[in-house]
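Source file start_26.cif; content: mmCIF, C-alpha atoms.
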```
data_entry
#
loop_
_atom_site.label_atom_id
_atom_site.label_comp_id
_atom_site.auth_asym_id
_atom_site.auth_seq_id
_atom_site.Cartn_x
_atom_site.Cartn_y
_atom_site.Cartn_z
CA MET A 156 109.23 92.83 91.87
CA ILE A 157 108.15 96.41 92.54
CA SER A 158 110.14 99.32 91.20
CA LYS A 159 111.13 101.83 93.87
CA GLU A 160 110.27 104.58 91.37
CA ILE A 161 106.57 103.92 91.99
CA LEU A 162 107.14 103.91 95.74
CA ASP A 163 108.21 107.56 95.87
CA ARG A 164 104.99 108.67 97.59
CA PRO A 165 104.43 107.83 101.27
CA ARG A 166 100.98 106.40 100.45
CA ALA A 167 102.43 103.91 97.95
CA ARG A 168 105.10 102.82 100.44
CA GLY A 169 102.44 102.44 103.13
CA LYS A 170 100.27 100.27 100.88
CA LEU A 171 103.22 98.00 100.10
CA ARG A 172 104.10 97.73 103.80
CA THR A 173 100.49 96.77 104.56
CA GLU A 174 100.47 94.15 101.79
CA ILE A 175 103.71 92.63 103.08
CA LEU A 176 102.55 92.70 106.71
CA ILE A 177 99.24 91.00 105.92
CA HIS A 178 100.56 88.43 103.44
CA SER A 179 103.58 87.49 105.56
CA GLN A 180 101.29 86.46 108.44
CA LEU A 181 99.15 84.09 106.37
CA ARG A 182 99.74 80.32 106.33
CA HIS A 183 97.13 78.17 104.62
CA ASP A 184 96.97 75.62 101.79
CA SER A 185 94.63 77.91 99.81
CA ILE A 186 96.76 81.06 100.13
CA VAL A 187 99.83 81.77 97.98
CA ARG A 188 102.73 81.20 100.38
CA PHE A 189 104.79 84.28 101.27
CA ASP A 190 108.45 83.39 101.77
CA ARG A 191 110.23 86.70 102.29
CA CYS A 192 110.87 90.15 100.88
CA PHE A 193 114.08 92.03 100.26
CA GLU A 194 115.23 95.06 98.30
CA ASP A 195 118.12 96.51 96.40
CA GLY A 196 118.73 100.04 95.16
CA THR A 197 116.02 99.91 92.50
CA ASN A 198 113.40 97.31 93.45
CA VAL A 199 111.54 95.62 96.29
CA TYR A 200 111.20 91.86 95.78
CA LEU A 201 108.47 89.65 97.19
CA LEU A 202 109.44 85.99 97.10
CA LEU A 203 106.21 83.99 96.82
CA GLU A 204 105.18 80.41 96.14
CA LEU A 205 105.52 79.54 92.47
CA CYS A 206 102.13 78.84 90.90
CA GLN A 207 103.27 77.30 87.64
CA SER A 208 99.80 76.82 86.23
CA GLN A 209 99.25 80.60 86.35
CA SER A 210 95.82 81.95 87.29
CA MET A 211 92.22 80.82 86.95
CA ALA A 212 91.81 83.60 84.36
CA GLU A 213 94.55 82.01 82.25
CA LEU A 214 92.98 78.57 82.69
CA VAL A 215 89.60 79.82 81.45
CA ARG A 216 91.29 81.62 78.53
CA ARG A 217 93.17 78.45 77.55
CA ARG A 218 90.35 75.95 77.98
CA LYS A 219 87.26 78.11 77.33
CA ARG A 220 85.08 75.78 79.43
CA ILE A 221 85.65 74.13 82.79
CA PRO A 222 83.47 71.11 83.71
CA GLU A 223 81.15 71.79 86.65
CA VAL A 224 82.68 69.07 88.85
CA GLU A 225 86.17 70.50 88.36
CA MET A 226 84.98 74.07 88.93
CA ALA A 227 83.21 73.01 92.15
CA ARG A 228 86.54 71.67 93.44
CA TYR A 229 88.31 74.94 92.54
CA LEU A 230 85.55 77.01 94.14
CA ALA A 231 85.65 74.98 97.36
CA GLN A 232 89.40 75.63 97.66
CA ALA A 233 88.96 79.37 97.02
CA VAL A 234 86.17 79.53 99.62
CA ARG A 235 88.42 77.79 102.18
CA GLY A 236 91.06 80.44 101.51
CA VAL A 237 88.59 83.31 101.95
CA GLN A 238 87.20 81.72 105.13
CA TYR A 239 90.75 81.55 106.49
CA LEU A 240 91.26 85.25 105.67
CA HIS A 241 88.00 86.25 107.35
CA ALA A 242 88.83 84.23 110.47
CA ARG A 243 91.94 86.44 110.71
CA HIS A 244 89.94 89.66 110.11
CA VAL A 245 91.44 90.12 106.63
CA ILE A 246 89.35 91.27 103.69
CA HIS A 247 90.95 90.76 100.28
CA ARG A 248 88.83 93.31 98.32
CA ASP A 249 89.99 92.13 94.89
CA ILE A 250 88.86 88.52 94.48
CA LYS A 251 88.72 87.72 90.77
CA LEU A 252 89.92 84.93 88.48
CA GLY A 253 93.22 86.75 87.92
CA ASN A 254 93.99 86.66 91.66
CA LEU A 255 93.18 82.96 92.09
CA PHE A 256 96.35 81.07 91.20
CA LEU A 257 96.90 77.40 90.40
CA SER A 258 99.77 75.43 91.87
CA GLU A 259 101.62 72.70 90.05
CA ASP A 260 99.20 70.10 91.52
CA ASP A 261 96.15 72.16 90.40
CA ALA A 262 95.34 73.56 93.85
CA VAL A 263 93.71 77.01 93.97
CA LYS A 264 95.62 79.68 95.91
CA VAL A 265 94.32 83.15 96.76
CA GLY A 266 96.99 85.76 96.02
CA ASP A 267 97.70 89.44 95.38
CA PHE A 268 97.05 91.18 98.69
CA GLY A 269 97.66 94.70 97.34
CA LEU A 270 94.15 95.88 98.28
CA ALA A 271 93.72 93.73 101.38
CA CYS A 272 93.21 95.21 104.81
CA LYS A 273 92.98 93.88 108.32
CA LEU A 274 89.97 94.85 110.43
CA ALA A 275 90.23 95.51 114.15
CA SER A 276 87.01 93.53 114.69
CA HIS A 277 84.27 91.77 112.74
CA ALA A 278 82.07 94.85 113.23
CA GLU A 279 84.50 97.32 111.62
CA ARG A 280 83.57 98.79 108.21
CA LYS A 281 85.88 100.38 105.62
CA THR A 282 84.96 103.21 103.27
CA THR A 283 87.94 103.13 100.87
CA LEU A 284 86.90 103.00 97.22
CA CYS A 285 89.07 100.22 95.80
CA GLY A 286 89.00 97.16 93.58
CA THR A 287 89.24 96.28 89.92
CA PRO A 288 86.58 98.41 88.16
CA ASN A 289 84.95 95.52 86.26
CA TYR A 290 84.72 93.42 89.44
CA ILE A 291 84.17 95.99 92.19
CA ALA A 292 81.57 95.00 94.78
CA PRO A 293 78.44 97.19 95.05
CA GLU A 294 79.09 97.55 98.79
CA VAL A 295 82.39 99.29 98.01
CA LEU A 296 80.61 101.75 95.73
CA ASP A 297 78.10 102.63 98.47
CA SER A 298 80.63 104.24 100.81
CA SER A 299 77.90 105.69 103.05
CA ARG A 300 77.50 102.32 104.82
CA GLY A 301 81.06 101.10 104.37
CA HIS A 302 82.06 97.56 103.51
CA SER A 303 83.47 94.53 105.25
CA PHE A 304 83.68 90.77 104.66
CA GLU A 305 80.88 90.73 102.08
CA VAL A 306 83.20 92.27 99.47
#
```
Step by step, read the file and then write its structure as structure tokens.
Amino acid sequence: MISKEILDRPRARGKLRTEILIHSQLRHDSIVRFDRCFEDGTNVYLLLELCQSQSMAELVRRRKRIPEVEMARYLAQAVRGVQYLHARHVIHRDIKLGNLFLSEDDAVKVGDFGLACKLASHAERKTTLCGTPNYIAPEVLDSSRGHSFEV
């Protein structure tokens, strides 16, 4: 649910439109499923797959330690999701434990496409400074070369 109060600037509305456009076109077992969006007078609603087990960040907070074998399974699922995104020229730009969600059957799902963008080609580079400060990729900080799938 996004309050329309924060969508008063054209840039904010544009970012939300981009997020909806990108996420609505994705269909993969390792991506949080986008069902639909709708709005009323005060909010825009994104109806997404319910990930009852919350995020990987919550899992780590709860359990403190994750056995290597279990973590390897989670990582493989996340990598499959990112590979799917890259095959569709999408870069997420904010991969972190808080944006890797766990379904009811403990499957990892990549979510939160608020900073994602779609490239015209594999050679395209972006120069936008974005990401969560504690997790931002060095390639994003070096805007002289731009960034792409490596982030």
Which residues come within 12 Å of A:Glu213, counting only C-alpha atoms, excluding same-chain residues fewer than 4 positions away, as a PDB file with C-alpha atoms, keeping the file's coordinate frame?
```
ATOM      1  CA  CYS A 206     102.130  78.840  90.900  1.00  0.00           C
ATOM      2  CA  GLN A 207     103.270  77.300  87.640  1.00  0.00           C
ATOM      3  CA  SER A 208      99.800  76.820  86.230  1.00  0.00           C
ATOM      4  CA  GLN A 209      99.250  80.600  86.350  1.00  0.00           C
ATOM      5  CA  ARG A 217      93.170  78.450  77.550  1.00  0.00           C
ATOM      6  CA  ARG A 218      90.350  75.950  77.980  1.00  0.00           C
ATOM      7  CA  LYS A 219      87.260  78.110  77.330  1.00  0.00           C
ATOM      8  CA  ARG A 220      85.080  75.780  79.430  1.00  0.00           C
ATOM      9  CA  ILE A 221      85.650  74.130  82.790  1.00  0.00           C
ATOM     10  CA  LYS A 251      88.720  87.720  90.770  1.00  0.00           C
ATOM     11  CA  LEU A 252      89.920  84.930  88.480  1.00  0.00           C
ATOM     12  CA  GLY A 253      93.220  86.750  87.920  1.00  0.00           C
ATOM     13  CA  ASN A 254      93.990  86.660  91.660  1.00  0.00           C
ATOM     14  CA  LEU A 255      93.180  82.960  92.090  1.00  0.00           C
ATOM     15  CA  PHE A 256      96.350  81.070  91.200  1.00  0.00           C
ATOM     16  CA  LEU A 257      96.900  77.400  90.400  1.00  0.00           C
TER      17      LEU A 257
END
```
Could you check the closest approach to A:Glu194 for each of A:Arg182, A:Lys159, A:Arg164, A:Lys281 and tell me which residue wins, using only C-alpha atoms?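 Once distances to A:Glu194 are computed over only C-alpha atoms, the minimum belongs to A:Lys159.
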Residue by residue, what does the PyMOL selection byres ((chain A and resi 174) around 8) grab here? Present the result as a list in words. Lys170, Leu171, Arg172, Thr173, Ile175, Leu176, Ile177, His178, Phe268, Gly269, Leu270, Ala271 and Cys272 of chain A
Could you name the residues that touch A:Gly236 at 9 Å or less, counting only C-alpha atoms, but leaving out those on the same chain fewer than 3 positions away, as a ChimeraX atom specification? /A:183-186,231-233,239-241,263-265
Could you write out as a PyMOL selection string the residues that the PyMOL selection byres ((chain A and resi 306) around 8) matches in the shown file? chain A and resi 246-248+292+294-295+302-305
For the file shown, what are the residues hit by the PyMOL selection byres ((chain A and resi 273) around 6), laid out as JSON, numbers by chain? {"A": [244, 245, 272, 274]}
Pick from A:Arg300, A:Ile291, A:Thr197, A:Ser258: nearest to A:Glu279, with only C-alpha atoms counted?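 So, comparing all the options, the nearest one is A:Arg300.
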Nearest candidate to A:Gly266 (options A:Ile250, A:Ala242, A:Val187, A:Cys285; using only C-alpha atoms):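 For A:Gly266, the nearest of the candidates is A:Val187.
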To one decimal in Å, tell me the separation between atom CA of A:Gly286 and atom CA of A:Ile157. 19.2 Å
So how many Å separate atom CA of A:Phe193 and atom CA of A:Met211, to one decimal? 27.9 Å
Calculate how many Å separate atom CA of A:Leu203 from atom CA of A:Arg188, rounding to one decimal.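 Separating atom CA of A:Leu203 from atom CA of A:Arg188 is a distance of 5.7 Å.
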Is it possible to get the axis-aligned box enclosing stretch 221-225 of chain A (all listed atoms, 3 Å extra per side) as lines of an AutoDock Vina configuration file, with centre and edge lengths in Å rounded to one decimal?
```
center_x = 83.7
center_y = 71.6
center_z = 85.8
size_x = 11.0
size_y = 11.1
size_z = 12.1
```
Determine, counting all atoms listed in the file, which protein, DNA and RNA residues have an atom within 10 Å of an atom of A:Ser298; residues of the same chain fewer than 6 positions away are not included. Present the result as a list in words.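 Everything that qualifies: Arg280, Lys281, Thr282, Thr283 and Leu284 of chain A.
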Residues from the last selection, C-alpha atoms, saved as a JSON list (two decimals), in the coordinates of the input:
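Here's the written file part-v6.json:
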```json
[["chain", "number", "residue", "atom", "x", "y", "z"],
["A", 280, "ARG", "CA", 83.57, 98.79, 108.21],
["A", 281, "LYS", "CA", 85.88, 100.38, 105.62],
["A", 282, "THR", "CA", 84.96, 103.21, 103.27],
["A", 283, "THR", "CA", 87.94, 103.13, 100.87],
["A", 284, "LEU", "CA", 86.90, 103.00, 97.22]]
```
My list of candidates is A:Asp297, A:Arg216, A:Val199, A:Leu181. Which is closest to A:Arg168 when distances are computed with all atoms listed in the file?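 Selected residue with least distance to A:Arg168: A:Val199.
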